[in-house]
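Visitor: This is the content of data_1.txt (compact mmCIF, C-alpha atoms):
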# COMPACT_ATOMS: atom_id res chain seq x y z
CA MET J 1 -24.04 -24.20 -1.27
CA LYS J 2 -24.46 -20.45 -1.05
CA SER J 3 -26.57 -20.59 2.09
CA LYS J 4 -23.90 -22.76 3.74
CA ILE J 5 -21.20 -20.19 3.00
CA ILE J 6 -23.35 -17.37 4.35
CA LEU J 7 -24.10 -19.41 7.48
CA THR J 8 -20.39 -20.07 8.05
CA CYS J 9 -19.62 -16.36 7.68
CA LEU J 10 -22.35 -15.47 10.18
CA VAL J 11 -21.05 -17.99 12.72
CA LEU J 12 -17.50 -16.66 12.28
CA CYS J 13 -18.71 -13.08 12.68
CA SER J 14 -20.55 -13.92 15.88
CA PHE J 15 -17.38 -15.54 17.26
CA ILE J 16 -15.41 -12.39 16.54
CA GLU J 17 -18.18 -10.37 18.21
CA LEU J 18 -17.91 -12.52 21.34
CA GLN J 19 -14.13 -12.20 21.38
CA ALA J 20 -14.39 -8.44 21.28
CA ALA J 21 -16.01 -7.87 24.64
CA ASN J 22 -14.27 -4.59 25.39
CA THR J 23 -13.19 -3.17 22.06
CA SER J 24 -15.13 -3.17 18.82
CA VAL J 25 -14.23 -5.50 15.96
CA ASP J 26 -13.30 -2.54 13.82
CA GLU J 27 -10.91 -1.20 16.45
CA GLN J 28 -9.32 -4.63 16.93
CA LEU J 29 -8.84 -4.99 13.19
CA TYR J 30 -7.32 -1.50 13.06
CA GLN J 31 -4.86 -2.37 15.83
CA SER J 32 -3.85 -5.67 14.26
CA LEU J 33 -3.39 -4.13 10.81
CA HIS J 34 -1.03 -1.56 12.32
CA GLY J 35 1.25 -4.33 13.62
CA HIS J 36 4.86 -4.66 12.46
CA GLY J 37 5.01 -1.03 11.36
CA SER J 38 1.83 -1.36 9.23
CA MET J 39 3.34 -4.39 7.47
CA ASN J 40 0.24 -6.42 8.30
CA VAL J 41 -1.87 -4.31 5.98
CA VAL J 42 0.46 -5.20 3.09
CA VAL J 43 0.02 -8.90 3.88
CA ALA J 44 -3.76 -8.43 4.07
CA VAL J 45 -3.83 -6.57 0.74
CA PHE J 46 -1.77 -9.28 -0.92
CA ALA J 47 -4.03 -11.98 0.54
CA ILE J 48 -7.10 -10.20 -0.84
CA ILE J 49 -5.54 -10.05 -4.31
CA LEU J 50 -4.69 -13.77 -4.14
CA ILE J 51 -8.27 -14.57 -3.07
CA GLY J 52 -9.54 -12.47 -5.98
CA LEU J 53 -7.32 -14.36 -8.43
CA PHE J 54 -8.45 -17.70 -6.99
CA ILE J 55 -12.10 -16.73 -7.39
CA THR J 56 -11.40 -15.70 -11.01
CA LEU J 57 -9.67 -19.05 -11.62
CA TYR J 58 -12.60 -20.91 -10.12
CA ARG J 59 -15.09 -19.04 -12.31
CA ILE J 60 -13.06 -19.76 -15.45
CA GLU J 61 -12.88 -23.43 -14.52
CA ARG J 62 -16.64 -23.57 -14.04
CA LYS J 63 -17.13 -22.07 -17.49
CA ILE J 64 -14.91 -24.72 -19.04
CA THR J 65 -16.73 -27.51 -17.19
CA ARG J 66 -20.05 -26.21 -18.49
CA LEU J 67 -18.62 -26.04 -22.00
CA GLU J 68 -17.29 -29.59 -21.76
CA LYS J 69 -20.74 -30.85 -20.75
CA GLU J 70 -22.35 -28.99 -23.64
CA ILE J 71 -19.91 -30.50 -26.14
CA LYS J 72 -20.45 -34.00 -24.74
CA ASN J 73 -24.21 -33.74 -25.16
CA MET U 1 6.90 -21.22 -26.52
CA LYS U 2 7.40 -18.31 -28.87
CA ARG U 3 3.82 -17.16 -28.39
CA ASN U 4 4.03 -17.44 -24.62
CA TRP U 5 7.17 -15.43 -23.92
CA TRP U 6 5.16 -12.57 -22.43
CA LYS U 7 3.61 -14.90 -19.86
CA ILE U 8 7.07 -15.92 -18.65
CA PHE U 9 8.02 -12.23 -18.62
CA CYS U 10 4.88 -11.49 -16.58
CA VAL U 11 5.74 -14.18 -13.99
CA CYS U 12 9.32 -12.86 -13.73
CA LEU U 13 8.09 -9.30 -13.22
CA LEU U 14 5.62 -10.35 -10.53
CA PHE U 15 8.29 -12.35 -8.70
CA LEU U 16 10.60 -9.33 -8.84
CA THR U 17 7.85 -7.12 -7.38
CA LEU U 18 7.00 -9.64 -4.71
CA PHE U 19 10.57 -10.14 -3.51
CA ALA U 20 11.70 -6.53 -3.83
CA GLY U 21 8.39 -5.17 -2.54
CA LEU U 22 8.47 -7.29 0.59
CA LEU U 23 12.18 -7.66 1.31
CA VAL U 24 13.81 -4.26 0.65
CA PRO U 25 14.02 -2.63 4.09
CA LEU U 26 12.48 0.69 5.01
CA ALA U 27 14.86 3.60 5.63
CA PRO U 28 15.34 4.56 9.31
CA GLY U 29 13.07 7.21 10.79
CA LEU U 30 11.79 8.66 14.07
CA ILE U 31 8.28 7.55 15.00
CA THR U 32 7.55 9.24 18.34
CA ALA U 33 9.20 11.76 20.66
CA GLU U 34 7.83 12.28 24.15
CA SER U 35 8.95 15.17 26.30
CA SER U 36 8.97 15.06 30.11
CA ALA U 37 7.98 18.76 30.16
CA LYS U 38 4.42 19.32 28.99
CA SER U 39 3.68 22.95 29.85
CA THR U 40 7.04 24.75 29.88
CA PHE U 41 10.68 24.22 28.99
CA SER U 42 11.89 26.53 31.80
CA GLY U 43 13.77 23.64 33.47
CA PRO U 44 15.93 20.88 32.05
CA PHE U 45 13.88 18.15 30.43
CA THR U 46 14.22 14.69 28.91
CA VAL U 47 12.90 13.55 25.54
CA LYS U 48 12.21 9.86 24.94
CA VAL U 49 12.58 8.97 21.27
CA PHE U 50 11.30 5.87 19.52
CA GLY U 51 12.87 5.11 16.17
CA TYR U 52 12.14 2.67 13.38
CA ASN U 53 14.98 0.64 11.78
CA THR U 54 17.39 3.00 13.52
CA HIS U 55 20.87 2.20 14.90
CA PHE U 56 21.12 4.37 18.02
CA ILE U 57 23.70 2.02 19.61
CA ASP U 58 25.51 0.76 16.49
CA GLY U 59 25.91 4.21 14.96
CA LYS U 60 29.01 6.18 15.89
CA ASN U 61 29.37 10.02 16.00
CA ALA U 62 25.81 10.25 17.32
CA GLY U 63 24.08 13.40 18.49
CA ALA U 64 20.74 15.16 18.60
CA TYR U 65 19.33 18.68 18.57
CA LEU U 66 16.02 20.51 18.61
CA ILE U 67 15.15 23.16 16.03
CA ASN U 68 12.92 26.17 16.77
CA ASN U 69 12.62 29.03 14.33
CA GLY U 70 15.88 28.06 12.65
CA VAL U 71 17.87 27.99 15.91
CA ASN U 72 19.40 24.72 17.13
CA VAL U 73 19.50 23.47 20.72
CA CYS U 74 21.87 20.54 21.24
CA ALA U 75 21.16 17.68 23.63
CA THR U 76 23.41 17.69 26.69
CA SER U 77 23.37 13.92 26.97
CA PHE U 78 22.58 11.13 24.53
CA ARG U 79 21.56 7.81 26.13
CA ALA U 80 20.78 4.99 23.70
CA ILE U 81 18.78 2.28 25.49
CA ASP U 82 18.74 0.03 22.45
CA ASN U 83 18.89 0.56 18.70
CA THR U 84 15.34 1.94 18.57
CA HIS U 85 14.98 3.65 21.97
CA LEU U 86 16.77 6.79 22.97
CA GLU U 87 16.74 9.29 25.85
CA LEU U 88 17.92 12.85 25.34
CA ASP U 89 18.52 15.55 27.97
CA PHE U 90 18.04 19.19 27.02
CA PRO U 91 18.83 22.46 28.86
CA PRO U 92 16.02 24.93 29.71
CA ILE U 93 14.73 26.79 26.65
CA THR U 94 12.49 29.77 26.11
CA PRO U 95 11.17 29.44 22.59
CA LEU U 96 11.69 32.20 20.04
CA ALA U 97 8.43 31.70 18.20
CA GLU U 98 5.67 29.08 18.51
CA PRO U 99 6.77 26.49 21.13
CA VAL U 100 6.90 23.69 18.54
CA PHE U 101 10.25 21.98 18.08
CA SER U 102 11.54 19.74 15.32
CA LEU U 103 13.91 17.01 16.41
CA SER U 104 16.99 15.85 14.59
CA VAL U 105 18.98 12.74 15.51
CA TYR U 106 22.11 11.78 13.62
CA ASN U 107 24.73 9.05 13.51
CA ASP U 108 27.01 7.65 10.82
CA VAL U 109 24.80 4.61 10.06
CA ASP U 110 21.38 6.23 9.78
CA GLY U 111 22.52 9.64 8.58
CA LYS U 112 20.55 12.69 9.74
CA LEU U 113 16.95 11.91 10.74
CA ILE U 114 14.51 14.78 11.16
CA MET U 115 11.11 14.61 12.84
CA PRO U 116 9.11 17.77 12.09
CA SER U 117 7.02 19.22 14.99
CA ALA U 118 8.29 16.50 17.31
CA ILE U 119 7.54 18.13 20.69
CA SER U 120 5.65 21.20 21.87
CA THR U 121 4.50 22.91 25.06
CA THR U 122 1.69 25.24 26.04
CA ASP U 123 4.27 27.88 27.04
CA THR U 124 3.19 31.45 26.27
CA THR U 125 6.50 33.27 26.90
CA ARG U 126 8.35 34.16 23.72
CA GLY U 127 11.62 35.60 22.57
CA GLY U 128 13.81 34.59 25.49
CA ILE U 129 17.40 33.52 25.23
CA VAL U 130 17.66 30.28 23.38
CA PRO U 131 20.76 28.22 24.20
CA THR U 132 22.14 27.73 20.73
CA CYS U 133 24.71 25.28 19.47
CA ARG U 134 26.34 24.27 16.25
CA PRO U 135 25.75 20.52 16.00
CA ASP U 136 28.88 18.74 14.97
CA VAL U 137 27.30 16.56 12.29
CA LYS U 138 29.99 14.43 10.67
CA VAL U 139 27.79 11.94 8.96
CA GLU U 140 29.42 9.46 6.66
CA LYS U 141 26.18 7.89 5.60
CA GLN U 142 26.47 4.34 4.35
CA ASP U 143 24.41 4.01 1.24
CA HIS U 144 21.80 1.41 2.14
CA PHE U 145 19.28 0.41 -0.47
CA ALA U 146 15.99 1.16 1.25
CA PHE U 147 12.50 2.44 0.58
CA PRO U 148 11.83 5.95 1.88
CA PHE U 149 10.45 6.36 5.41
CA ARG U 150 7.15 8.27 5.43
CA TYR U 151 5.02 9.15 8.43
CA ILE U 152 1.67 7.33 8.72
CA LEU U 153 2.50 5.08 5.77
CA TYR U 154 5.56 3.28 7.20
CA GLU U 155 5.71 -0.27 5.79
CA SER U 156 2.31 0.02 4.15
CA MET U 157 4.09 2.02 1.44
CA ARG U 158 4.75 -1.39 -0.11
CA ASN U 159 1.09 -1.47 -1.16
CA LEU U 160 2.25 0.73 -4.01
CA PHE U 161 3.20 -2.52 -5.76
CA PHE U 162 -0.10 -4.27 -5.08
CA HIS U 163 -2.97 -1.80 -4.77
CA VAL U 164 -2.02 0.80 -7.39
CA PRO U 165 -1.32 -1.65 -10.27
CA MET U 166 -4.87 -3.01 -9.88
CA TRP U 167 -6.16 0.31 -11.21
CA PHE U 168 -3.55 0.43 -13.96
CA THR U 169 -4.64 -3.05 -15.06
CA MET U 170 -8.30 -2.08 -14.98
CA ILE U 171 -7.65 1.03 -17.07
CA ALA U 172 -5.45 -0.90 -19.54
CA LEU U 173 -8.16 -3.52 -20.08
CA LEU U 174 -10.87 -0.87 -20.40
CA THR U 175 -8.77 1.01 -22.94
CA TRP U 176 -8.46 -2.21 -24.94
CA ALA U 177 -12.25 -2.66 -24.68
CA PHE U 178 -12.81 0.95 -25.81
CA TRP U 179 -10.57 0.44 -28.85
CA ASN U 180 -12.47 -2.72 -29.81
CA ASN U 181 -15.82 -0.97 -29.35
CA LEU U 182 -14.67 1.56 -31.92
CA ARG U 183 -13.55 -1.22 -34.25
CA PHE U 184 -16.92 -2.91 -33.85
CA LEU U 185 -18.84 0.25 -34.70
CA LYS U 186 -16.78 0.61 -37.89
CA GLY U 187 -17.80 -2.69 -39.49
CA PHE U 188 -20.27 -4.31 -37.03
CA ASN U 189 -18.10 -7.42 -36.80
CA LEU U 190 -19.26 -9.39 -33.74
CA LYS U 191 -15.70 -10.60 -33.13
CA TYR U 192 -14.78 -7.18 -31.72
CA ASP U 193 -17.86 -7.14 -29.53
CA GLN U 194 -16.72 -10.38 -27.89
CA ILE U 195 -13.24 -8.98 -27.30
CA ALA U 196 -14.59 -5.80 -25.72
CA ASN U 197 -17.04 -7.67 -23.52
CA GLU U 198 -14.45 -10.06 -22.13
CA ALA U 199 -11.99 -7.20 -21.53
CA VAL U 200 -14.63 -5.32 -19.50
CA ASN U 201 -15.51 -8.45 -17.51
CA THR U 202 -11.86 -9.05 -16.62
CA SER U 203 -11.27 -5.40 -15.78
CA LEU U 204 -14.11 -5.53 -13.25
CA VAL U 205 -12.22 -8.19 -11.26
CA PHE U 206 -9.25 -5.83 -10.94
CA GLY U 207 -11.48 -2.86 -10.20
CA ILE U 208 -13.19 -4.69 -7.34
CA LEU U 209 -9.81 -5.85 -5.99
CA GLY U 210 -8.55 -2.27 -6.19
CA LEU U 211 -11.57 -1.03 -4.24
CA ILE U 212 -11.28 -3.65 -1.47
CA THR U 213 -7.52 -3.31 -1.04
CA GLY U 214 -7.80 0.48 -1.16
CA SER U 215 -10.50 0.44 1.48
CA LEU U 216 -8.30 -1.61 3.80
CA TRP U 217 -5.32 0.66 3.23
CA ALA U 218 -7.48 3.74 3.81
CA ARG U 219 -8.63 2.33 7.17
CA VAL U 220 -5.02 2.14 8.33
CA THR U 221 -3.63 5.37 6.90
CA TRP U 222 -6.65 7.69 6.65
CA GLY U 223 -8.68 6.18 9.50
CA ALA U 224 -11.86 5.23 7.66
CA TRP U 225 -13.01 2.50 5.29
CA TRP U 226 -14.34 5.08 2.86
CA VAL U 227 -13.36 8.75 2.82
CA ASP U 228 -15.02 11.56 0.91
CA ASP U 229 -12.42 11.85 -1.80
CA VAL U 230 -13.00 12.80 -5.44
CA LYS U 231 -10.95 9.88 -6.64
CA LEU U 232 -12.85 7.35 -4.55
CA ASN U 233 -16.26 8.64 -5.58
CA GLY U 234 -15.12 8.78 -9.21
CA THR U 235 -14.02 5.15 -9.18
CA ALA U 236 -17.22 4.12 -7.42
CA ILE U 237 -19.31 5.74 -10.17
CA THR U 238 -17.13 4.12 -12.86
CA MET U 239 -17.47 0.68 -11.30
CA LEU U 240 -21.25 1.08 -11.06
CA ALA U 241 -21.41 2.22 -14.68
CA TYR U 242 -19.52 -0.85 -15.87
CA LEU U 243 -21.50 -3.19 -13.60
CA ALA U 244 -24.64 -1.71 -15.18
CA PHE U 245 -23.04 -2.46 -18.54
CA THR U 246 -22.83 -6.19 -17.80
CA VAL U 247 -26.46 -6.21 -16.63
CA LEU U 248 -27.53 -4.28 -19.73
CA ARG U 249 -25.87 -6.78 -22.04
CA ASN U 250 -27.71 -9.71 -20.55
CA ALA U 251 -31.03 -7.88 -20.91
CA ILE U 252 -30.93 -7.66 -24.74
CA PRO U 253 -31.56 -10.99 -26.48
CA ASP U 254 -30.79 -9.96 -30.08
CA GLU U 255 -27.07 -10.37 -30.77
CA GLN U 256 -26.51 -7.45 -33.16
CA LYS U 257 -28.67 -5.08 -31.16
CA ARG U 258 -26.93 -6.05 -27.91
CA ALA U 259 -23.51 -5.49 -29.45
CA ARG U 260 -24.42 -2.05 -30.82
CA VAL U 261 -26.07 -0.78 -27.65
CA SER U 262 -23.25 -2.04 -25.42
CA ALA U 263 -20.56 -0.59 -27.72
CA VAL U 264 -22.09 2.87 -27.57
CA TYR U 265 -22.71 2.61 -23.81
CA SER U 266 -19.17 1.38 -23.21
CA ILE U 267 -17.64 4.28 -25.16
CA PHE U 268 -19.58 6.76 -23.02
CA ALA U 269 -18.59 4.91 -19.85
CA PHE U 270 -14.93 4.96 -20.85
CA VAL U 271 -14.92 8.70 -21.54
CA MET U 272 -16.66 9.26 -18.21
CA MET U 273 -14.04 7.15 -16.44
CA ILE U 274 -11.20 9.20 -17.95
CA VAL U 275 -12.86 12.39 -16.72
CA LEU U 276 -13.72 11.04 -13.26
CA ILE U 277 -10.45 9.23 -12.49
CA GLY U 278 -7.95 10.99 -14.70
CA ILE U 279 -8.95 14.63 -14.94
CA LEU U 280 -11.31 15.79 -12.17
CA PRO U 281 -9.16 14.67 -9.21
CA ARG U 282 -6.10 16.38 -10.68
CA LEU U 283 -7.69 19.81 -10.85
CA GLN U 284 -6.47 22.44 -8.42
CA GLY U 285 -9.01 23.25 -5.76
CA THR U 286 -10.37 19.74 -5.47
CA ASP U 287 -9.77 18.00 -2.18
CA SER U 288 -8.08 14.63 -2.47
CA LEU U 289 -5.89 12.47 -0.27
CA HIS U 290 -4.35 10.59 -3.19
CA PRO U 291 -0.85 11.57 -4.23
CA GLY U 292 -0.74 13.51 -7.49
CA ASN U 293 -4.33 14.71 -7.02
CA GLY U 294 -5.93 17.91 -5.76
CA GLY U 295 -2.57 19.68 -5.75
CA ASN U 296 -0.82 16.93 -3.76
CA PRO U 297 2.68 15.98 -4.83
CA ALA U 298 2.93 12.67 -6.65
CA PHE U 299 5.55 10.20 -5.50
CA SER U 300 7.83 11.39 -8.30
CA ASN U 301 8.24 14.66 -6.40
CA TYR U 302 9.78 12.95 -3.38
CA ASP U 303 13.53 12.96 -3.07
CA LEU U 304 13.94 9.23 -2.53
CA ASP U 305 11.60 8.01 -5.22
CA SER U 306 14.37 6.43 -7.30
CA THR U 307 14.29 3.32 -5.10
CA LEU U 308 10.55 2.80 -5.55
CA ARG U 309 10.22 3.76 -9.18
CA PRO U 310 11.78 0.77 -11.05
CA PHE U 311 9.87 -1.76 -8.94
CA PHE U 312 6.66 0.21 -9.35
CA TYR U 313 6.90 0.18 -13.15
CA ALA U 314 7.81 -3.54 -13.10
CA SER U 315 4.80 -4.31 -10.93
CA VAL U 316 2.43 -2.27 -13.12
CA LEU U 317 3.59 -4.09 -16.23
CA GLY U 318 3.46 -7.47 -14.48
CA TRP U 319 -0.11 -7.00 -13.23
CA ILE U 320 -1.28 -5.65 -16.60
CA LEU U 321 0.15 -8.74 -18.31
CA ILE U 322 -1.57 -11.07 -15.83
CA GLY U 323 -4.81 -9.17 -16.50
CA PHE U 324 -4.45 -9.71 -20.24
CA TRP U 325 -3.56 -13.36 -19.61
CA ILE U 326 -6.85 -13.92 -17.79
CA TYR U 327 -8.68 -11.99 -20.50
CA THR U 328 -7.23 -14.15 -23.32
CA ILE U 329 -8.32 -17.34 -21.53
CA ARG U 330 -11.85 -16.00 -21.12
CA LEU U 331 -11.94 -14.92 -24.76
CA ARG U 332 -10.79 -18.33 -25.96
CA ILE U 333 -13.53 -20.04 -23.96
CA LEU U 334 -16.10 -17.71 -25.48
CA LYS U 335 -14.78 -18.38 -28.99
CA ILE U 336 -15.01 -22.16 -28.53
CA LYS U 337 -18.50 -21.75 -27.14
CA THR U 338 -19.76 -19.67 -30.08
CA HIS U 339 -18.07 -22.09 -32.50
CA TYR U 340 -19.97 -25.05 -31.07
CA GLU U 341 -23.24 -23.16 -30.82
CA LYS U 342 -23.10 -22.50 -34.55
Written as structure tokens, how would this file's structure read?
Guide:
Amino acid sequence: MKSKIILTCLVLCSFIELQAANTSVDEQLYQSLHGHGSMNVVVAVFAIILIGLFITLYRIERKITRLEKEIKN
Amino acid sequence: MKRNWWKIFCVCLLFLTLFAGLLVPLAPGLITAESSAKSTFSGPFTVKVFGYNTHFIDGKNAGAYLINNGVNVCATSFRAIDNTHLELDFPPITPLAEPVFSLSVYNDVDGKLIMPSAISTTDTTRGGIVPTCRPDVKVEKQDHFAFPFRYILYESMRNLFFHVPMWFTMIALLTWAFWNNLRFLKGFNLKYDQIANEAVNTSLVFGILGLITGSLWARVTWGAWWVDDVKLNGTAITMLAYLAFTVLRNAIPDEQKRARVSAVYSIFAFVMMIVLIGILPRLQGTDSLHPGNGGNPAFSNYDLDSTLRPFFYASVLGWILIGFWIYTIRLRILKIKTHYEK
């Protein structure tokens, strides 16, 4: 599972690298975050927080699943 | 229902922050001013102005002037191309002092907008006759409810409701953990050890989120993913100390021993965090980019803070409550687990 995720990330990264023939990825990201009067960075920050909360939710769920299995056995 | 009222309160607060934080408009401001004269103002010149959320066409009683050394130079013509683009003509000027001019544009919708150090030349002549004027500013400013306009920050100021509360939540949870560590050391009741451990684990989630979101915001406003700032390095050390804490706990098999060692470690880590995040960056003489640190003004010093303040406090409380919500769920799972293991 983990290796698949890492592989997907690598493939995505290489796509971004190919897209950025002239400017660096970092510079492109900088430009896009500045869009709409720097509003894009607020959206990105909020998305990161949501992702963080989803990961937390997922981890809690996994704990409960493990506990359920233990109780069953 | 009675026991869950604070969760409903938390959801309400977060919705308030989300809607207000994203929908309240930013106050108008001037972003760029470009002068047609680069080396000298000895002839008439044109300044192209780009505004943000401005009303150059809609606003009546409009005008503009340059300020040098306290003396005003009024624009001879004011051509609004659209609400955010403006062209101004100025007469020849010989600057009194340094050839750096502040620009002021006014109308009855936006009020008086000032852009400090808007245009400059490489002119070396000084002290000539400056064509002065008394700008006829009759601004009847309509009181819009808006967040203050700040250079460099612009709309990213709204991160105040999302990035900053992450740290408040982390510190609130760590304070709760610290208090329970003390309670544990008083009677060696393992119940308090569980509480403290789960509080630290939950606080790490918010700490990591604070670091990532802060890094992104720093890239946009300060130009780098990580800057050499006392506050940043302090938080990095704190995060590492608490990450080490979780590793340390797993390394000790004996329950009582583990609880005692981690309680003492956690108390030290908490005191260190207060020094590194709360005290060191605030000292005069330290160099920090964060507001309220290293002699910088905090946002409470700004004139227009009253619009941000209520939403900021609401967001801090909302995020702290959601942090404690997650923590209680984790604690309940741990309690059920220990109950069944016995």
Visitor: Pull out every residue of chain U sitting within 10 Å of chain J, counting all atoms listed in the file, and send them as a count of residues only.
Guide: 48
Visitor: Rounded to one decimal place, report the atom CA of Phe56 of chain U-atom CA of Ala37 of chain U distance in Å.
Guide: 23.0 Å
Visitor: In Å to one decimal, how far is atom CA of Val164 of chain U from atom CA of Glu27 of chain J?
Guide: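 A separation of 25.5 Å between them.
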Visitor: Do a neighbour search on segment 274-290 of chain U at 12 Å with all atoms listed in the file, toss out local chain neighbours closer than 4 positions, and write the hits as a ChimeraX atom specification.
Guide: /U:160,164,167-168,170-172,174-175,178,214,217-218,221-223,226-239,241,267-270,294-299
Visitor: Mind pulling up the distance from atom CA of His144 of chain U to atom CA of Leu103 of chain U?
Guide: 22.6 Å
Visitor: Once 3 Å is added on each side, what centre and edge lengths in Å to one decimal does the axis-aligned box around all listed atoms of segment 34-41 of chain J have, as lines of an AutoDock Vina configuration file?
Guide:
center_x = 1.6
center_y = -3.7
center_z = 9.8
size_x = 12.9
size_y = 11.4
size_z = 13.6
Visitor: Identify which of the residues U:Tyr151, U:Tyr327, U:Tyr265, U:Phe312 lies closest to Thr32 of chain U, counting all atoms listed in the file when measuring atom-to-atom distances.
Guide: U:Tyr151
Visitor: Given only C-alpha atoms as the basis, pick out the residue of U:Ser262, U:Ser120, U:Thr338, U:Thr94 nearest to Lys38 of chain U.
Guide: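 Among the listed residues, the smallest separation from Lys38 of chain U belongs to U:Ser120.
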Visitor: I'd like the neighbourhood of segment 72-74 of chain U as a PDB file with C-alpha atoms, in the frame of the given file, where a residue qualifies if any of its atoms comes within 9 Å (using all atoms listed in the file), though same-chain residues fewer than 4 positions away should be ignored.
Guide:
ATOM      1  CA  GLY U  63      24.080  13.400  18.490  1.00  0.00           C
ATOM      2  CA  ALA U  64      20.740  15.160  18.600  1.00  0.00           C
ATOM      3  CA  TYR U  65      19.330  18.680  18.570  1.00  0.00           C
ATOM      4  CA  LEU U  66      16.020  20.510  18.610  1.00  0.00           C
ATOM      5  CA  ILE U  67      15.150  23.160  16.030  1.00  0.00           C
ATOM      6  CA  ASN U  68      12.920  26.170  16.770  1.00  0.00           C
ATOM      7  CA  PHE U  90      18.040  19.190  27.020  1.00  0.00           C
ATOM      8  CA  PRO U  91      18.830  22.460  28.860  1.00  0.00           C
ATOM      9  CA  ILE U  93      14.730  26.790  26.650  1.00  0.00           C
ATOM     10  CA  VAL U 130      17.660  30.280  23.380  1.00  0.00           C
ATOM     11  CA  PRO U 131      20.760  28.220  24.200  1.00  0.00           C
ATOM     12  CA  THR U 132      22.140  27.730  20.730  1.00  0.00           C
ATOM     13  CA  CYS U 133      24.710  25.280  19.470  1.00  0.00           C
ATOM     14  CA  ARG U 134      26.340  24.270  16.250  1.00  0.00           C
ATOM     15  CA  PRO U 135      25.750  20.520  16.000  1.00  0.00           C
TER      16      PRO U 135
END
